[in-house]
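Engineer: Have a look at this one.
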Amino acid sequence: MAKAGNKTRPTDVSPAEFVAAVGHDTRRADSEALLGWFGEVTGYTPKMWGASLIGYGRYHYKYDSGREGDMLITGFSPRKTNLVLYIMPGYRDLSDKLARLGKHKIGKSCLYINKLADIDMDVLREIVEDGVAYMTANYETWPD
């Protein structure tokens with residue numbers, strides 16, 4: 001039996017065109033700002049992953065079960081209810097930074113914010129840089 005592949009894969013869709021089609025005005029404006037901001041912080045070019053994730057960089061993972069694949073190193077998605085930022089590999093010991101970030105919620109590797117005006121972008125930079133540094137030190141990574 002063949003192993004199931006990762007459903008979230010890079011696509012040829014333009015991240016800028018995807019963002020331009022976001023219906024919510026604030027979410028679209030924040031996403032336009034994040035497109036360039038993530039590129040500046042990471043040095044990577046944005047790439048669509050699946051239908052709604054804008055990713056920066058790529059890393060290869062392999063689980064003890066034998067399942068393996070590639071995934072974005074960091075990125076974001078303008079969702080209907082909020083912006084979701086993906087911080088890989090998650091929040092190891094970032095409680096001090098998260099306490100200074102501003103209004104947010106977190107999941108395993110997701111940071112949920114309503115709008116960029118609710119958070120401190122300098123602190124967000126520290127969090128993203130920390131995640132990228134961890135991923136490049138501990139996984140095989142590529143800038144695409």
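Residues in the structure tokens are numbered from 1 in each chain, the chains being A, B, ... in the order shown, and ligands are numbered from 1 in the order shown.
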Please tabulate, as a tab-separated table, the residues of stretch 33-103 of chain A that come within 6 Å of stretch 3-18 of chain A, each with its closest pair of atoms and the distance in Å to one decimal, counting only C-alpha atoms and ordering rows by chain, then residue number upward.
Structural biologist:
residue	atom	partner	partner_atom	distance
A:Met48	CA	A:Thr11	CA	5.5
A:Trp49	CA	A:Pro10	CA	4.2
A:Gly50	CA	A:Thr8	CA	4.9
Engineer: Go through stretch 10-104 of chain A and collect every residue that DSSP, computed from the backbone, puts in strand (DSSP E); the answer should be as a PyMOL selection string.
Structural biologist: chain A and resi 46-49+53-62+68-78+83-87
Engineer: Those same residues, written as a short mmCIF file (atom, residue, chain, number, x, y, z; two decimals), in the first residue's frame with N, CA, C and O atoms?
Structural biologist:
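Final output, selection_20.cif:
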data_model
loop_
_atom_site.label_atom_id
_atom_site.label_comp_id
_atom_site.auth_asym_id
_atom_site.auth_seq_id
_atom_site.Cartn_x
_atom_site.Cartn_y
_atom_site.Cartn_z
N PRO A 46 8.19 34.44 -1.37
CA PRO A 46 6.92 33.77 -1.03
C PRO A 46 6.49 32.77 -2.09
O PRO A 46 6.73 32.96 -3.28
N LYS A 47 5.85 31.71 -1.63
CA LYS A 47 5.33 30.66 -2.51
C LYS A 47 4.01 30.19 -1.91
O LYS A 47 3.90 30.04 -0.70
N MET A 48 3.02 29.99 -2.76
CA MET A 48 1.76 29.44 -2.28
C MET A 48 1.94 27.96 -1.97
O MET A 48 2.54 27.22 -2.74
N TRP A 49 1.40 27.55 -0.84
CA TRP A 49 1.35 26.15 -0.42
C TRP A 49 -0.12 25.82 -0.29
O TRP A 49 -0.83 26.41 0.53
N LEU A 53 -2.11 29.00 1.93
CA LEU A 53 -0.93 29.28 2.75
C LEU A 53 0.14 29.96 1.92
O LEU A 53 0.47 29.49 0.83
N ILE A 54 0.69 31.02 2.44
CA ILE A 54 1.81 31.69 1.79
C ILE A 54 3.04 31.35 2.62
O ILE A 54 3.14 31.73 3.79
N GLY A 55 3.94 30.58 2.02
CA GLY A 55 5.09 30.08 2.76
C GLY A 55 6.39 30.69 2.31
O GLY A 55 6.55 31.15 1.18
N TYR A 56 7.34 30.66 3.23
CA TYR A 56 8.69 31.17 2.99
C TYR A 56 9.66 30.07 3.39
O TYR A 56 9.69 29.62 4.53
N GLY A 57 10.44 29.61 2.42
CA GLY A 57 11.39 28.53 2.66
C GLY A 57 10.69 27.19 2.72
O GLY A 57 9.46 27.08 2.68
N ARG A 58 11.51 26.16 2.77
CA ARG A 58 11.00 24.78 2.78
C ARG A 58 11.94 23.95 3.65
O ARG A 58 13.15 24.14 3.62
N TYR A 59 11.36 23.03 4.40
CA TYR A 59 12.18 22.08 5.15
C TYR A 59 11.66 20.67 4.93
O TYR A 59 10.51 20.47 4.58
N HIS A 60 12.56 19.71 5.13
CA HIS A 60 12.20 18.31 4.98
C HIS A 60 12.08 17.68 6.36
O HIS A 60 12.97 17.83 7.19
N TYR A 61 10.97 16.98 6.60
CA TYR A 61 10.78 16.29 7.87
C TYR A 61 10.67 14.80 7.63
O TYR A 61 10.32 14.34 6.55
N LYS A 62 11.00 14.05 8.68
CA LYS A 62 10.84 12.59 8.64
C LYS A 62 10.48 12.15 10.05
O LYS A 62 11.23 12.39 10.99
N GLU A 68 7.42 11.05 5.66
CA GLU A 68 8.29 12.20 5.45
C GLU A 68 7.72 13.08 4.36
O GLU A 68 6.84 12.68 3.61
N GLY A 69 8.22 14.29 4.32
CA GLY A 69 7.75 15.24 3.31
C GLY A 69 8.40 16.59 3.50
O GLY A 69 9.32 16.76 4.30
N ASP A 70 7.90 17.55 2.75
CA ASP A 70 8.40 18.92 2.82
C ASP A 70 7.28 19.83 3.28
O ASP A 70 6.10 19.59 2.99
N MET A 71 7.65 20.92 3.96
CA MET A 71 6.67 21.89 4.43
C MET A 71 7.35 23.25 4.50
O MET A 71 8.57 23.35 4.51
N LEU A 72 6.54 24.30 4.54
CA LEU A 72 7.08 25.65 4.64
C LEU A 72 7.78 25.85 5.97
O LEU A 72 7.39 25.25 6.97
N ILE A 73 8.79 26.71 5.99
CA ILE A 73 9.51 27.01 7.22
C ILE A 73 8.70 27.99 8.07
O ILE A 73 8.59 27.85 9.27
N THR A 74 8.14 28.99 7.43
CA THR A 74 7.30 29.97 8.11
C THR A 74 6.39 30.59 7.06
O THR A 74 6.60 30.43 5.85
N GLY A 75 5.39 31.31 7.51
CA GLY A 75 4.47 31.95 6.56
C GLY A 75 3.18 32.36 7.22
O GLY A 75 3.10 32.43 8.45
N PHE A 76 2.16 32.59 6.39
CA PHE A 76 0.90 33.07 6.93
C PHE A 76 -0.25 32.72 5.99
O PHE A 76 -0.04 32.34 4.85
N SER A 77 -1.45 32.89 6.52
CA SER A 77 -2.65 32.68 5.74
C SER A 77 -3.72 33.67 6.20
O SER A 77 -4.03 33.74 7.39
N PRO A 78 -4.27 34.44 5.27
CA PRO A 78 -5.36 35.35 5.63
C PRO A 78 -6.68 34.57 5.66
O PRO A 78 -7.28 34.32 4.63
N LEU A 83 -5.82 36.41 10.91
CA LEU A 83 -4.57 36.06 10.22
C LEU A 83 -3.94 34.92 10.99
O LEU A 83 -3.88 34.95 12.23
N VAL A 84 -3.47 33.91 10.29
CA VAL A 84 -2.76 32.81 10.93
C VAL A 84 -1.31 32.87 10.46
O VAL A 84 -1.05 32.85 9.26
N LEU A 85 -0.40 32.96 11.41
CA LEU A 85 1.02 32.95 11.10
C LEU A 85 1.59 31.61 11.55
O LEU A 85 1.24 31.12 12.63
N TYR A 86 2.41 31.01 10.70
CA TYR A 86 2.96 29.68 10.97
C TYR A 86 4.40 29.84 11.45
O TYR A 86 5.25 30.35 10.73
N ILE A 87 4.62 29.43 12.69
CA ILE A 87 5.93 29.53 13.33
C ILE A 87 6.41 28.11 13.59
O ILE A 87 5.92 27.43 14.49
#
Engineer: With distances taken over only C-alpha atoms, which residue among A:Leu101, A:Met88, A:Val22, A:Val132 lies nearest A:Ala117?
Structural biologist: A:Leu101
Engineer: Taking into account only C-alpha atoms, which residue in the set A:Phe38, A:Tyr91, A:Trp142, A:Tyr134 is nearest to A:Ser109?
Structural biologist: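 Looking at the shortest contact to A:Ser109, the residue is A:Tyr91.
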Engineer: Pick the closest to A:Val41 from A:Ile127, A:Tyr139, A:Asp64, A:Asp144: which is it, counting only C-alpha atoms?
Structural biologist: A:Ile127
Engineer: Which of chain A end up as alpha helix (DSSP H) when DSSP is run on this backbone - answer as JSON, numbers by chain?
Structural biologist: {"A": [15, 16, 17, 18, 19, 20, 25, 26, 27, 28, 29, 30, 31, 32, 33, 34, 35, 36, 37, 38, 39, 40, 41, 42, 95, 96, 97, 98, 99, 100, 101, 121, 122, 123, 124, 125, 126, 127, 128, 129, 130, 131, 132, 133, 134, 135, 136, 137, 138]}
Engineer: Dump C-alpha atoms for the selected residues as a PDB file, in the first residue's frame?
Structural biologist:
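So the final result, stored in out_3.pdb, reads:
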ATOM      1  CA  PRO A  15       0.956  34.921  -3.707  1.00  0.00           C
ATOM      2  CA  ALA A  16       0.383  38.566  -4.705  1.00  0.00           C
ATOM      3  CA  GLU A  17      -2.647  37.637  -6.820  1.00  0.00           C
ATOM      4  CA  PHE A  18      -4.006  35.471  -4.008  1.00  0.00           C
ATOM      5  CA  VAL A  19      -3.646  38.335  -1.517  1.00  0.00           C
ATOM      6  CA  ALA A  20      -5.214  40.827  -3.939  1.00  0.00           C
ATOM      7  CA  ASP A  25     -10.155  45.008   3.518  1.00  0.00           C
ATOM      8  CA  THR A  26      -8.042  44.940   6.698  1.00  0.00           C
ATOM      9  CA  ARG A  27      -7.010  41.323   6.167  1.00  0.00           C
ATOM     10  CA  ARG A  28      -5.990  42.125   2.573  1.00  0.00           C
ATOM     11  CA  ALA A  29      -3.977  45.209   3.621  1.00  0.00           C
ATOM     12  CA  ASP A  30      -2.260  43.287   6.425  1.00  0.00           C
ATOM     13  CA  SER A  31      -1.496  40.412   4.042  1.00  0.00           C
ATOM     14  CA  GLU A  32       0.014  42.815   1.511  1.00  0.00           C
ATOM     15  CA  ALA A  33       2.251  44.151   4.275  1.00  0.00           C
ATOM     16  CA  LEU A  34       3.195  40.635   5.415  1.00  0.00           C
ATOM     17  CA  LEU A  35       4.152  39.552   1.881  1.00  0.00           C
ATOM     18  CA  GLY A  36       7.124  41.900   1.887  1.00  0.00           C
ATOM     19  CA  TRP A  37       7.771  41.753   5.616  1.00  0.00           C
ATOM     20  CA  PHE A  38       8.273  37.968   5.701  1.00  0.00           C
ATOM     21  CA  GLY A  39      10.557  38.226   2.672  1.00  0.00           C
ATOM     22  CA  GLU A  40      12.652  40.882   4.394  1.00  0.00           C
ATOM     23  CA  VAL A  41      12.846  38.941   7.676  1.00  0.00           C
ATOM     24  CA  THR A  42      13.601  35.527   6.133  1.00  0.00           C
ATOM     25  CA  SER A  95       6.807  32.777  26.558  1.00  0.00           C
ATOM     26  CA  ASP A  96       8.751  36.014  27.177  1.00  0.00           C
ATOM     27  CA  LYS A  97       8.384  37.076  23.533  1.00  0.00           C
ATOM     28  CA  LEU A  98       4.723  36.033  23.360  1.00  0.00           C
ATOM     29  CA  ALA A  99       4.028  38.060  26.516  1.00  0.00           C
ATOM     30  CA  ARG A 100       5.389  41.158  24.740  1.00  0.00           C
ATOM     31  CA  LEU A 101       3.716  40.492  21.376  1.00  0.00           C
ATOM     32  CA  MET A 121       5.996  43.850  14.769  1.00  0.00           C
ATOM     33  CA  ASP A 122       9.493  44.006  16.318  1.00  0.00           C
ATOM     34  CA  VAL A 123       8.550  41.192  18.700  1.00  0.00           C
ATOM     35  CA  LEU A 124       6.988  39.252  15.821  1.00  0.00           C
ATOM     36  CA  ARG A 125      10.310  39.607  13.995  1.00  0.00           C
ATOM     37  CA  GLU A 126      12.115  38.073  16.991  1.00  0.00           C
ATOM     38  CA  ILE A 127       9.673  35.131  16.997  1.00  0.00           C
ATOM     39  CA  VAL A 128       9.943  34.482  13.249  1.00  0.00           C
ATOM     40  CA  GLU A 129      13.733  34.819  13.258  1.00  0.00           C
ATOM     41  CA  ASP A 130      13.928  32.383  16.172  1.00  0.00           C
ATOM     42  CA  GLY A 131      11.788  29.844  14.304  1.00  0.00           C
ATOM     43  CA  VAL A 132      13.759  30.161  11.060  1.00  0.00           C
ATOM     44  CA  ALA A 133      17.079  29.851  12.899  1.00  0.00           C
ATOM     45  CA  TYR A 134      15.867  26.720  14.689  1.00  0.00           C
ATOM     46  CA  MET A 135      14.593  25.130  11.489  1.00  0.00           C
ATOM     47  CA  THR A 136      17.760  25.837   9.482  1.00  0.00           C
ATOM     48  CA  ALA A 137      19.917  24.483  12.332  1.00  0.00           C
ATOM     49  CA  ASN A 138      17.900  21.295  12.814  1.00  0.00           C
TER      50      ASN A 138
END
